[in-house]
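Structure file entry.pdb; described as PDB, C-alpha atoms.
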```pdb
ATOM      1  CA  MET A   1     173.171 -96.207 -62.077  1.00  0.00           C
ATOM      2  CA  SER A   2     174.736 -99.549 -61.506  1.00  0.00           C
ATOM      3  CA  ASP A   3     177.617-101.498 -62.959  1.00  0.00           C
ATOM      4  CA  CYS A   4     181.156-102.513 -62.217  1.00  0.00           C
ATOM      5  CA  PRO A   5     183.905 -99.965 -61.548  1.00  0.00           C
ATOM      6  CA  SER A   6     185.360 -98.214 -64.594  1.00  0.00           C
ATOM      7  CA  SER A   7     182.479 -99.343 -66.808  1.00  0.00           C
ATOM      8  CA  GLY A   8     181.548 -95.904 -68.135  1.00  0.00           C
ATOM      9  CA  LYS A   9     178.919 -94.945 -65.536  1.00  0.00           C
ATOM     10  CA  SER A  10     180.347 -91.435 -65.095  1.00  0.00           C
ATOM     11  CA  GLN A  11     180.126 -90.757 -68.817  1.00  0.00           C
ATOM     12  CA  ARG A  12     176.528 -92.017 -68.869  1.00  0.00           C
ATOM     13  CA  GLY A  13     175.659 -90.004 -65.759  1.00  0.00           C
ATOM     14  CA  ALA A  14     176.978 -86.797 -67.341  1.00  0.00           C
ATOM     15  CA  GLN A  15     175.054 -87.531 -70.557  1.00  0.00           C
ATOM     16  CA  LEU A  16     171.853 -88.197 -68.647  1.00  0.00           C
ATOM     17  CA  LYS A  17     172.240 -85.054 -66.510  1.00  0.00           C
ATOM     18  CA  ARG A  18     172.796 -82.928 -69.610  1.00  0.00           C
ATOM     19  CA  HIS A  19     169.692 -84.384 -71.311  1.00  0.00           C
ATOM     20  CA  LEU A  20     167.453 -84.013 -68.265  1.00  0.00           C
ATOM     21  CA  GLU A  21     168.545 -80.435 -67.580  1.00  0.00           C
ATOM     22  CA  SER A  22     167.766 -79.407 -71.169  1.00  0.00           C
ATOM     23  CA  ARG A  23     164.203 -80.811 -71.161  1.00  0.00           C
ATOM     24  CA  PRO A  24     162.390 -78.126 -69.108  1.00  0.00           C
ATOM     25  CA  ALA A  25     163.785 -75.452 -71.486  1.00  0.00           C
ATOM     26  CA  ASP A  26     162.171 -77.253 -74.439  1.00  0.00           C
ATOM     27  CA  PRO A  27     159.039 -75.337 -75.591  1.00  0.00           C
ATOM     28  CA  SER A  28     157.082 -78.623 -75.717  1.00  0.00           C
ATOM     29  CA  HIS A  29     157.589 -79.178 -71.959  1.00  0.00           C
ATOM     30  CA  ALA A  30     154.430 -78.164 -70.102  1.00  0.00           C
ATOM     31  CA  GLY A  31     155.295 -79.576 -66.680  1.00  0.00           C
ATOM     32  CA  SER A  32     156.996 -78.079 -63.679  1.00  0.00           C
ATOM     33  CA  SER A  33     160.695 -77.381 -63.504  1.00  0.00           C
ATOM     34  CA  ILE A  34     162.990 -80.205 -62.524  1.00  0.00           C
ATOM     35  CA  SER A  35     166.357 -79.917 -60.842  1.00  0.00           C
ATOM     36  CA  VAL A  36     168.987 -82.556 -61.498  1.00  0.00           C
ATOM     37  CA  VAL A  37     171.800 -83.470 -59.136  1.00  0.00           C
ATOM     38  CA  LEU A  38     174.579 -85.901 -59.968  1.00  0.00           C
ATOM     39  CA  LEU A  39     176.062 -87.596 -56.921  1.00  0.00           C
ATOM     40  CA  CYS A  40     179.328 -89.375 -57.523  1.00  0.00           C
ATOM     41  CA  ASP A  41     182.448 -90.406 -55.652  1.00  0.00           C
ATOM     42  CA  ASP A  42     184.174 -87.233 -56.903  1.00  0.00           C
ATOM     43  CA  THR A  43     181.498 -84.818 -55.659  1.00  0.00           C
ATOM     44  CA  LEU A  44     181.437 -86.638 -52.316  1.00  0.00           C
ATOM     45  CA  ASP A  45     185.264 -86.733 -52.048  1.00  0.00           C
ATOM     46  CA  ILE A  46     185.317 -90.539 -51.990  1.00  0.00           C
ATOM     47  CA  ASP A  47     188.694 -91.956 -52.968  1.00  0.00           C
ATOM     48  CA  PRO A  48     188.867 -95.299 -54.823  1.00  0.00           C
ATOM     49  CA  SER A  49     191.036 -96.615 -51.973  1.00  0.00           C
ATOM     50  CA  SER A  50     187.910 -96.427 -49.772  1.00  0.00           C
ATOM     51  CA  TYR A  51     186.847 -99.686 -51.409  1.00  0.00           C
ATOM     52  CA  ASN A  52     190.083-101.525 -50.553  1.00  0.00           C
ATOM     53  CA  ASP A  53     188.632-103.163 -47.442  1.00  0.00           C
ATOM     54  CA  SER A  54     185.250-103.572 -45.771  1.00  0.00           C
ATOM     55  CA  ARG A  55     186.136-101.385 -42.766  1.00  0.00           C
ATOM     56  CA  SER A  56     186.662 -98.296 -44.929  1.00  0.00           C
ATOM     57  CA  GLU A  57     183.945 -99.241 -47.404  1.00  0.00           C
ATOM     58  CA  LYS A  58     181.052 -99.249 -44.929  1.00  0.00           C
ATOM     59  CA  PRO A  59     181.380 -95.543 -43.983  1.00  0.00           C
ATOM     60  CA  THR A  60     181.810 -94.765 -47.687  1.00  0.00           C
ATOM     61  CA  ARG A  61     178.437 -96.352 -48.458  1.00  0.00           C
ATOM     62  CA  GLY A  62     176.983 -94.418 -45.508  1.00  0.00           C
ATOM     63  CA  THR A  63     178.273 -91.141 -46.961  1.00  0.00           C
ATOM     64  CA  LEU A  64     176.675 -91.960 -50.304  1.00  0.00           C
ATOM     65  CA  PHE A  65     173.347 -92.997 -48.768  1.00  0.00           C
ATOM     66  CA  THR A  66     173.192 -89.858 -46.612  1.00  0.00           C
ATOM     67  CA  ALA A  67     173.833 -87.684 -49.677  1.00  0.00           C
ATOM     68  CA  VAL A  68     171.031 -89.464 -51.547  1.00  0.00           C
ATOM     69  CA  GLN A  69     168.619 -88.899 -48.643  1.00  0.00           C
ATOM     70  CA  ARG A  70     169.604 -85.246 -48.377  1.00  0.00           C
ATOM     71  CA  ASN A  71     168.992 -84.589 -52.082  1.00  0.00           C
ATOM     72  CA  LEU A  72     165.728 -86.453 -52.648  1.00  0.00           C
ATOM     73  CA  ALA A  73     162.780 -84.087 -53.029  1.00  0.00           C
ATOM     74  CA  GLN A  74     159.806 -83.487 -55.296  1.00  0.00           C
ATOM     75  CA  ASN A  75     160.883 -82.074 -58.672  1.00  0.00           C
ATOM     76  CA  MET A  76     164.446 -83.257 -57.982  1.00  0.00           C
ATOM     77  CA  THR A  77     166.038 -85.985 -60.053  1.00  0.00           C
ATOM     78  CA  VAL A  78     168.994 -87.610 -58.333  1.00  0.00           C
ATOM     79  CA  ILE A  79     171.491 -89.522 -60.441  1.00  0.00           C
ATOM     80  CA  VAL A  80     173.698 -91.731 -58.290  1.00  0.00           C
ATOM     81  CA  ASP A  81     176.951 -92.421 -60.115  1.00  0.00           C
ATOM     82  CA  SER A  82     178.751 -94.688 -57.699  1.00  0.00           C
ATOM     83  CA  LEU A  83     179.464 -98.394 -57.583  1.00  0.00           C
ATOM     84  CA  ASN A  84     175.966 -99.295 -56.303  1.00  0.00           C
ATOM     85  CA  TYR A  85     177.054-102.893 -56.661  1.00  0.00           C
ATOM     86  CA  ILE A  86     175.443-104.180 -53.471  1.00  0.00           C
ATOM     87  CA  LYS A  87     171.799-105.097 -53.909  1.00  0.00           C
ATOM     88  CA  GLY A  88     170.995-104.139 -50.308  1.00  0.00           C
ATOM     89  CA  LEU A  89     172.246-100.573 -50.827  1.00  0.00           C
ATOM     90  CA  ARG A  90     170.222-100.242 -54.028  1.00  0.00           C
ATOM     91  CA  TYR A  91     167.144-101.456 -52.149  1.00  0.00           C
ATOM     92  CA  GLN A  92     167.720 -98.907 -49.362  1.00  0.00           C
ATOM     93  CA  MET A  93     167.928 -96.129 -51.951  1.00  0.00           C
ATOM     94  CA  TYR A  94     164.796 -97.429 -53.669  1.00  0.00           C
ATOM     95  CA  CYS A  95     162.861 -97.458 -50.371  1.00  0.00           C
ATOM     96  CA  VAL A  96     163.945 -93.951 -49.390  1.00  0.00           C
ATOM     97  CA  ALA A  97     163.059 -92.618 -52.840  1.00  0.00           C
ATOM     98  CA  ARG A  98     159.702 -94.397 -52.870  1.00  0.00           C
ATOM     99  CA  GLU A  99     158.678 -92.842 -49.539  1.00  0.00           C
ATOM    100  CA  ILE A 100     158.658 -89.378 -51.056  1.00  0.00           C
ATOM    101  CA  ARG A 101     157.288 -90.584 -54.406  1.00  0.00           C
ATOM    102  CA  VAL A 102     160.539 -90.416 -56.295  1.00  0.00           C
ATOM    103  CA  ARG A 103     162.013 -93.351 -58.148  1.00  0.00           C
ATOM    104  CA  VAL A 104     165.650 -94.283 -58.389  1.00  0.00           C
ATOM    105  CA  TYR A 105     166.506 -95.319 -61.933  1.00  0.00           C
ATOM    106  CA  VAL A 106     169.192 -97.936 -62.399  1.00  0.00           C
ATOM    107  CA  LEU A 107     171.159 -98.028 -65.616  1.00  0.00           C
ATOM    108  CA  ALA A 108     173.322-101.048 -66.329  1.00  0.00           C
ATOM    109  CA  THR A 109     176.206-101.456 -68.752  1.00  0.00           C
ATOM    110  CA  PRO A 110     178.530-104.357 -69.705  1.00  0.00           C
ATOM    111  CA  ASP A 111     182.165-104.298 -68.661  1.00  0.00           C
ATOM    112  CA  PRO A 112     185.552-104.031 -70.314  1.00  0.00           C
ATOM    113  CA  CYS A 113     186.324-102.511 -66.907  1.00  0.00           C
ATOM    114  CA  LYS A 114     189.825-103.808 -66.309  1.00  0.00           C
ATOM    115  CA  GLN A 115     191.122-102.210 -69.486  1.00  0.00           C
ATOM    116  CA  TRP A 116     189.335 -98.912 -68.856  1.00  0.00           C
ATOM    117  CA  ASN A 117     190.540 -98.842 -65.254  1.00  0.00           C
ATOM    118  CA  SER A 118     194.154 -99.318 -66.350  1.00  0.00           C
ATOM    119  CA  GLU A 119     193.782 -96.519 -68.945  1.00  0.00           C
ATOM    120  CA  ARG A 120     192.304 -93.943 -66.536  1.00  0.00           C
ATOM    121  CA  THR A 121     194.214 -90.677 -66.360  1.00  0.00           C
ATOM    122  CA  ASP A 122     192.067 -88.912 -63.748  1.00  0.00           C
ATOM    123  CA  GLY A 123     193.832 -90.400 -60.712  1.00  0.00           C
ATOM    124  CA  LYS A 124     190.754 -92.457 -59.798  1.00  0.00           C
ATOM    125  CA  VAL A 125     192.269 -95.849 -60.606  1.00  0.00           C
ATOM    126  CA  TYR A 126     191.306 -98.841 -58.482  1.00  0.00           C
ATOM    127  CA  THR A 127     194.149-101.117 -57.504  1.00  0.00           C
ATOM    128  CA  PRO A 128     194.025-104.400 -59.460  1.00  0.00           C
ATOM    129  CA  GLU A 129     193.179-106.310 -56.249  1.00  0.00           C
ATOM    130  CA  THR A 130     190.337-103.940 -55.330  1.00  0.00           C
ATOM    131  CA  LEU A 131     188.965-103.992 -58.867  1.00  0.00           C
ATOM    132  CA  VAL A 132     188.934-107.795 -59.005  1.00  0.00           C
ATOM    133  CA  ASN A 133     187.287-107.919 -55.571  1.00  0.00           C
ATOM    134  CA  LEU A 134     184.587-105.409 -56.590  1.00  0.00           C
ATOM    135  CA  LEU A 135     183.957-107.196 -59.890  1.00  0.00           C
ATOM    136  CA  GLN A 136     183.460-110.491 -58.055  1.00  0.00           C
ATOM    137  CA  ARG A 137     181.092-108.952 -55.507  1.00  0.00           C
ATOM    138  CA  TYR A 138     178.982-107.014 -58.016  1.00  0.00           C
ATOM    139  CA  GLU A 139     175.323-108.046 -57.777  1.00  0.00           C
ATOM    140  CA  GLU A 140     173.796-107.388 -61.178  1.00  0.00           C
ATOM    141  CA  PRO A 141     170.331-105.771 -61.160  1.00  0.00           C
ATOM    142  CA  SER A 142     167.619-108.315 -61.838  1.00  0.00           C
ATOM    143  CA  SER A 143     164.511-107.738 -63.938  1.00  0.00           C
ATOM    144  CA  MET A 144     162.948-110.587 -61.935  1.00  0.00           C
ATOM    145  CA  VAL A 145     162.885-108.303 -58.879  1.00  0.00           C
ATOM    146  CA  ARG A 146     160.569-105.359 -59.493  1.00  0.00           C
ATOM    147  CA  TRP A 147     162.425-102.788 -57.379  1.00  0.00           C
ATOM    148  CA  ASP A 148     165.801-103.761 -58.865  1.00  0.00           C
ATOM    149  CA  ALA A 149     164.730-104.022 -62.518  1.00  0.00           C
ATOM    150  CA  PRO A 150     166.670-101.554 -64.672  1.00  0.00           C
ATOM    151  CA  LEU A 151     164.621 -98.813 -66.297  1.00  0.00           C
ATOM    152  CA  SER A 152     167.085 -98.722 -69.128  1.00  0.00           C
ATOM    153  CA  ILE A 153     170.081-100.814 -70.116  1.00  0.00           C
ATOM    154  CA  VAL A 154     172.801 -98.863 -71.891  1.00  0.00           C
ATOM    155  CA  SER A 155     175.559-100.862 -73.529  1.00  0.00           C
ATOM    156  CA  TRP A 156     179.087 -99.512 -73.415  1.00  0.00           C
ATOM    157  CA  THR A 157     178.948 -99.497 -77.217  1.00  0.00           C
ATOM    158  CA  ASP A 158     175.944 -97.126 -77.332  1.00  0.00           C
ATOM    159  CA  GLU A 159     176.734 -93.519 -78.182  1.00  0.00           C
ATOM    160  CA  ASP A 160     174.271 -92.046 -75.667  1.00  0.00           C
ATOM    161  CA  VAL A 161     171.690 -92.877 -73.013  1.00  0.00           C
ATOM    162  CA  THR A 162     168.014 -93.522 -73.852  1.00  0.00           C
ATOM    163  CA  ALA A 163     167.096 -90.006 -72.716  1.00  0.00           C
ATOM    164  CA  ASP A 164     163.556 -89.913 -74.167  1.00  0.00           C
ATOM    165  CA  ASP A 165     162.495 -93.125 -72.412  1.00  0.00           C
ATOM    166  CA  ILE A 166     164.036 -92.034 -69.120  1.00  0.00           C
ATOM    167  CA  TRP A 167     162.465 -88.573 -69.370  1.00  0.00           C
ATOM    168  CA  ARG A 168     158.990 -90.076 -69.958  1.00  0.00           C
ATOM    169  CA  ALA A 169     159.417 -92.423 -67.004  1.00  0.00           C
ATOM    170  CA  ILE A 170     160.423 -89.533 -64.735  1.00  0.00           C
ATOM    171  CA  THR A 171     157.754 -87.065 -65.858  1.00  0.00           C
ATOM    172  CA  GLU A 172     154.879 -89.433 -66.611  1.00  0.00           C
ATOM    173  CA  GLY A 173     155.669 -91.824 -63.762  1.00  0.00           C
ATOM    174  CA  VAL A 174     154.350 -95.138 -64.978  1.00  0.00           C
ATOM    175  CA  VAL A 175     153.567 -96.907 -61.700  1.00  0.00           C
ATOM    176  CA  LYS A 176     153.479-100.670 -61.683  1.00  0.00           C
ATOM    177  CA  PRO A 177     150.728-102.335 -59.616  1.00  0.00           C
ATOM    178  CA  PRO A 178     151.832-104.003 -56.373  1.00  0.00           C
ATOM    179  CA  SER A 179     153.045-107.584 -56.721  1.00  0.00           C
ATOM    180  CA  THR A 180     151.074-110.471 -55.243  1.00  0.00           C
ATOM    181  CA  GLY A 181     153.719-110.756 -52.520  1.00  0.00           C
ATOM    182  CA  THR A 182     153.232-107.124 -51.518  1.00  0.00           C
ATOM    183  CA  GLN A 183     149.453-107.563 -51.605  1.00  0.00           C
ATOM    184  CA  ALA A 184     149.708-110.642 -49.354  1.00  0.00           C
ATOM    185  CA  ILE A 185     151.838-108.773 -46.805  1.00  0.00           C
ATOM    186  CA  CYS A 186     149.399-105.842 -46.822  1.00  0.00           C
ATOM    187  CA  ARG A 187     146.457-108.212 -46.213  1.00  0.00           C
ATOM    188  CA  LEU A 188     148.385-109.875 -43.370  1.00  0.00           C
ATOM    189  CA  LEU A 189     149.185-106.520 -41.767  1.00  0.00           C
ATOM    190  CA  CYS A 190     145.547-105.431 -42.079  1.00  0.00           C
ATOM    191  CA  CYS A 191     144.428-108.653 -40.352  1.00  0.00           C
ATOM    192  CA  ILE A 192     146.952-108.180 -37.541  1.00  0.00           C
ATOM    193  CA  GLN A 193     145.937-104.539 -37.031  1.00  0.00           C
ATOM    194  CA  SER A 194     142.215-105.387 -36.972  1.00  0.00           C
ATOM    195  CA  GLY A 195     142.788-108.265 -34.574  1.00  0.00           C
ATOM    196  CA  SER A 196     141.422-110.928 -36.950  1.00  0.00           C
TER
END
```
In structure tokens, what does this structure look like?
Amino acid sequence: MSDCPSSGKSQRGAQLKRHLESRPADPSHAGSSISVVLLCDDTLDIDPSSYNDSRSEKPTRGTLFTAVQRNLAQNMTVIVDSLNYIKGLRYQMYCVAREIRVRVYVLATPDPCKQWNSERTDGKVYTPETLVNLLQRYEEPSSMVRWDAPLSIVSWTDEDVTADDIWRAITEGVVKPPSTGTQAICRLLCCIQSGS
């Protein structure tokens, strides 16, 4: 999941987890069982102050990435409810997930984030300076880049996530063909390996 801080990602992550966990119990489900894990700053004991400066932020991203790697497995759906605002980190997660044939699904939402951040009562409030900094640095997922294209876009005004679409994508695994750029690189690597 990706969006700015205090945009409602945690609410959407909890909704998605609840929907995905209920699917295998449905009598119409004929596939194998699926486990769902929700990784978030809370479960990883990451304090919002970790994002105050780049020195403390880098190990925080490392903690998140390590947790993602540790939890990826067949029949495991990993929901990453963290900032995920840096395109490079999202690409790393995509690559790790792709290696074991699991996809990372990115959900994006719009942002009345400043107001929601100021109204938080859970003690996870970002300082105004950190919030502004993170909002400015957020790299929105792009549908022009295949690996970064959101599977589903959920507006903050929507009541719930698009659970049916996400479930079909996870269980039916619609795989897009490789792009022409990927094909060109593969041909180049084949030529180099064969000595042509």
Which residues of stretch 48-148 of chain A sit at most 8 Å from stretch 4-22 of chain A, using all atoms listed in the file? Give each one's shortest atom pair and distance in Å (one decimal place), in chain and ascending residue order, as a Markdown table.
```
| residue | atom | partner | partner_atom | distance |
| --- | --- | --- | --- | --- |
| A:Ile79 | CA | A:Gly13 | CA | 6.8 |
| A:Val80 | CA | A:Gly13 | CA | 7.9 |
| A:Asp81 | CA | A:Ser10 | CA | 6.1 |
| A:Ser82 | CA | A:Lys9 | CA | 7.8 |
| A:Leu83 | CA | A:Pro5 | CA | 6.2 |
| A:Tyr85 | CA | A:Cys4 | CA | 6.9 |
| A:Thr109 | CA | A:Ser7 | CA | 6.9 |
| A:Pro110 | CA | A:Ser7 | CA | 7.0 |
| A:Asp111 | CA | A:Ser7 | CA | 5.3 |
| A:Pro112 | CA | A:Ser7 | CA | 6.6 |
| A:Cys113 | CA | A:Ser6 | CA | 5.0 |
| A:Lys114 | CA | A:Ser6 | CA | 7.4 |
| A:Trp116 | CA | A:Ser6 | CA | 5.9 |
| A:Asn117 | CA | A:Ser6 | CA | 5.3 |
| A:Leu131 | CA | A:Pro5 | CA | 7.0 |
| A:Leu134 | CA | A:Cys4 | CA | 7.2 |
| A:Leu135 | CA | A:Cys4 | CA | 5.9 |
| A:Tyr138 | CA | A:Cys4 | CA | 6.5 |
```
Write to file, as a PDB file, in the frame of the given file, the residues of the selection just made, with C-alpha atoms.
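The resulting result.pdb:
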```pdb
ATOM      1  CA  ILE A  79     171.491 -89.522 -60.441  1.00  0.00           C
ATOM      2  CA  VAL A  80     173.698 -91.731 -58.290  1.00  0.00           C
ATOM      3  CA  ASP A  81     176.951 -92.421 -60.115  1.00  0.00           C
ATOM      4  CA  SER A  82     178.751 -94.688 -57.699  1.00  0.00           C
ATOM      5  CA  LEU A  83     179.464 -98.394 -57.583  1.00  0.00           C
ATOM      6  CA  TYR A  85     177.054-102.893 -56.661  1.00  0.00           C
ATOM      7  CA  THR A 109     176.206-101.456 -68.752  1.00  0.00           C
ATOM      8  CA  PRO A 110     178.530-104.357 -69.705  1.00  0.00           C
ATOM      9  CA  ASP A 111     182.165-104.298 -68.661  1.00  0.00           C
ATOM     10  CA  PRO A 112     185.552-104.031 -70.314  1.00  0.00           C
ATOM     11  CA  CYS A 113     186.324-102.511 -66.907  1.00  0.00           C
ATOM     12  CA  LYS A 114     189.825-103.808 -66.309  1.00  0.00           C
ATOM     13  CA  TRP A 116     189.335 -98.912 -68.856  1.00  0.00           C
ATOM     14  CA  ASN A 117     190.540 -98.842 -65.254  1.00  0.00           C
ATOM     15  CA  LEU A 131     188.965-103.992 -58.867  1.00  0.00           C
ATOM     16  CA  LEU A 134     184.587-105.409 -56.590  1.00  0.00           C
ATOM     17  CA  LEU A 135     183.957-107.196 -59.890  1.00  0.00           C
ATOM     18  CA  TYR A 138     178.982-107.014 -58.016  1.00  0.00           C
TER      19      TYR A 138
END
```
Practice task
Apply the PyMOL selection byres ((chain A and resi 76) around 7) to the displayed file and report the matching residues as a ChimeraX atom specification.
Solution key: /A:34-36,72-75,77-78
Resulting file, chosen residues, C-alpha atoms, as a PDB file, in the coordinates of the input:
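Contents of the output file result18.pdb:
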```
ATOM      1  CA  ILE A  34     162.990 -80.205 -62.524  1.00  0.00           C
ATOM      2  CA  SER A  35     166.357 -79.917 -60.842  1.00  0.00           C
ATOM      3  CA  VAL A  36     168.987 -82.556 -61.498  1.00  0.00           C
ATOM      4  CA  LEU A  72     165.728 -86.453 -52.648  1.00  0.00           C
ATOM      5  CA  ALA A  73     162.780 -84.087 -53.029  1.00  0.00           C
ATOM      6  CA  GLN A  74     159.806 -83.487 -55.296  1.00  0.00           C
ATOM      7  CA  ASN A  75     160.883 -82.074 -58.672  1.00  0.00           C
ATOM      8  CA  THR A  77     166.038 -85.985 -60.053  1.00  0.00           C
ATOM      9  CA  VAL A  78     168.994 -87.610 -58.333  1.00  0.00           C
TER      10      VAL A  78
END
```
Practice task
Name the residues in contact with A:Val125 at a cut-off of 12 Å, using all atoms listed in the file, excluding same-chain residues fewer than 2 positions from it; report them as a count of residues only.
Solution key: 24
Practice task
Please measure the separation of atom CA of A:Gly31 and atom CA of A:Arg146, giving the value in Å to one decimal.
Solution key: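 If I compute the distance from atom CA of A:Gly31 to atom CA of A:Arg146, I get 27.3 Å.
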Handout entry: Result set of the PyMOL selection byres ((chain A and resi 43) around 12) on the coordinates above, as a list of chain:residue names
Key = A:Ser10, A:Val37, A:Leu38, A:Leu39, A:Cys40, A:Asp41, A:Asp42, A:Leu44, A:Asp45, A:Ile46, A:Asp47, A:Thr63, A:Leu64, A:Ala67, A:Val80, A:Asp81, A:Ser82
Exercise for the section: Quick one: pull the distance between atom CA of A:Lys87 and atom CA of A:Gln136, Å, one decimal. Expected result: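 Taking atom CA of A:Lys87 and atom CA of A:Gln136, their separation equals 13.5 Å.
Counting all atoms listed in the file, the residue from A:Arg137, A:Arg168, A:Arg70, A:Arg90 that sits nearest to A:Ala149 is A:Arg90.
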Practice task
Check the smallest atom-to-atom distance from each of A:Ala25, A:Ala169, A:Ala163, A:Val154 to A:Met1 using all atoms listed in the file, then report the winner.
Solution key: A:Val154
Practice task
Please measure the separation of atom CA of A:Thr66 and atom CA of A:Asn84, giving the value in Å to one decimal.
Solution key: 13.8 Å
Mind writing stretch 29-41 of chain A to a file for me, with N, CA and C atoms, as a PDB file, in the first residue's frame?
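Just written: part25.pdb:
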```pdb
ATOM      1  N   HIS A  29     -14.772 -21.113  -2.537  1.00  0.00           N
ATOM      2  CA  HIS A  29     -13.311 -21.113  -2.732  1.00  0.00           C
ATOM      3  C   HIS A  29     -12.809 -22.542  -2.870  1.00  0.00           C
ATOM      4  N   ALA A  30     -12.208 -22.842  -4.022  1.00  0.00           N
ATOM      5  CA  ALA A  30     -11.718 -24.197  -4.282  1.00  0.00           C
ATOM      6  C   ALA A  30     -10.200 -24.280  -4.214  1.00  0.00           C
ATOM      7  N   GLY A  31      -9.536 -23.160  -4.028  1.00  0.00           N
ATOM      8  CA  GLY A  31      -8.073 -23.149  -4.034  1.00  0.00           C
ATOM      9  C   GLY A  31      -7.475 -23.522  -2.693  1.00  0.00           C
ATOM     10  N   SER A  32      -6.173 -23.374  -2.620  1.00  0.00           N
ATOM     11  CA  SER A  32      -5.458 -23.687  -1.385  1.00  0.00           C
ATOM     12  C   SER A  32      -5.667 -22.581  -0.353  1.00  0.00           C
ATOM     13  N   SER A  33      -5.282 -22.888   0.868  1.00  0.00           N
ATOM     14  CA  SER A  33      -5.431 -21.884   1.924  1.00  0.00           C
ATOM     15  C   SER A  33      -4.397 -20.780   1.734  1.00  0.00           C
ATOM     16  N   ILE A  34      -4.747 -19.615   2.186  1.00  0.00           N
ATOM     17  CA  ILE A  34      -3.868 -18.457   2.065  1.00  0.00           C
ATOM     18  C   ILE A  34      -3.736 -17.814   3.429  1.00  0.00           C
ATOM     19  N   SER A  35      -2.516 -17.542   3.827  1.00  0.00           N
ATOM     20  CA  SER A  35      -2.281 -16.806   5.065  1.00  0.00           C
ATOM     21  C   SER A  35      -2.067 -15.345   4.712  1.00  0.00           C
ATOM     22  N   VAL A  36      -2.493 -14.467   5.591  1.00  0.00           N
ATOM     23  CA  VAL A  36      -2.354 -13.035   5.359  1.00  0.00           C
ATOM     24  C   VAL A  36      -1.606 -12.426   6.533  1.00  0.00           C
ATOM     25  N   VAL A  37      -0.576 -11.660   6.230  1.00  0.00           N
ATOM     26  CA  VAL A  37       0.152 -10.945   7.276  1.00  0.00           C
ATOM     27  C   VAL A  37       0.121  -9.462   6.937  1.00  0.00           C
ATOM     28  N   LEU A  38      -0.121  -8.665   7.946  1.00  0.00           N
ATOM     29  CA  LEU A  38      -0.139  -7.206   7.790  1.00  0.00           C
ATOM     30  C   LEU A  38       1.074  -6.644   8.503  1.00  0.00           C
ATOM     31  N   LEU A  39       2.013  -6.114   7.726  1.00  0.00           N
ATOM     32  CA  LEU A  39       3.202  -5.489   8.288  1.00  0.00           C
ATOM     33  C   LEU A  39       2.979  -3.990   8.335  1.00  0.00           C
ATOM     34  N   CYS A  40       3.169  -3.408   9.486  1.00  0.00           N
ATOM     35  CA  CYS A  40       2.998  -1.969   9.615  1.00  0.00           C
ATOM     36  C   CYS A  40       4.001  -1.434  10.630  1.00  0.00           C
ATOM     37  N   ASP A  41       4.109  -0.122  10.704  1.00  0.00           N
ATOM     38  CA  ASP A  41       5.051   0.486  11.629  1.00  0.00           C
ATOM     39  C   ASP A  41       4.773   0.046  13.067  1.00  0.00           C
TER      40      ASP A  41
END
```
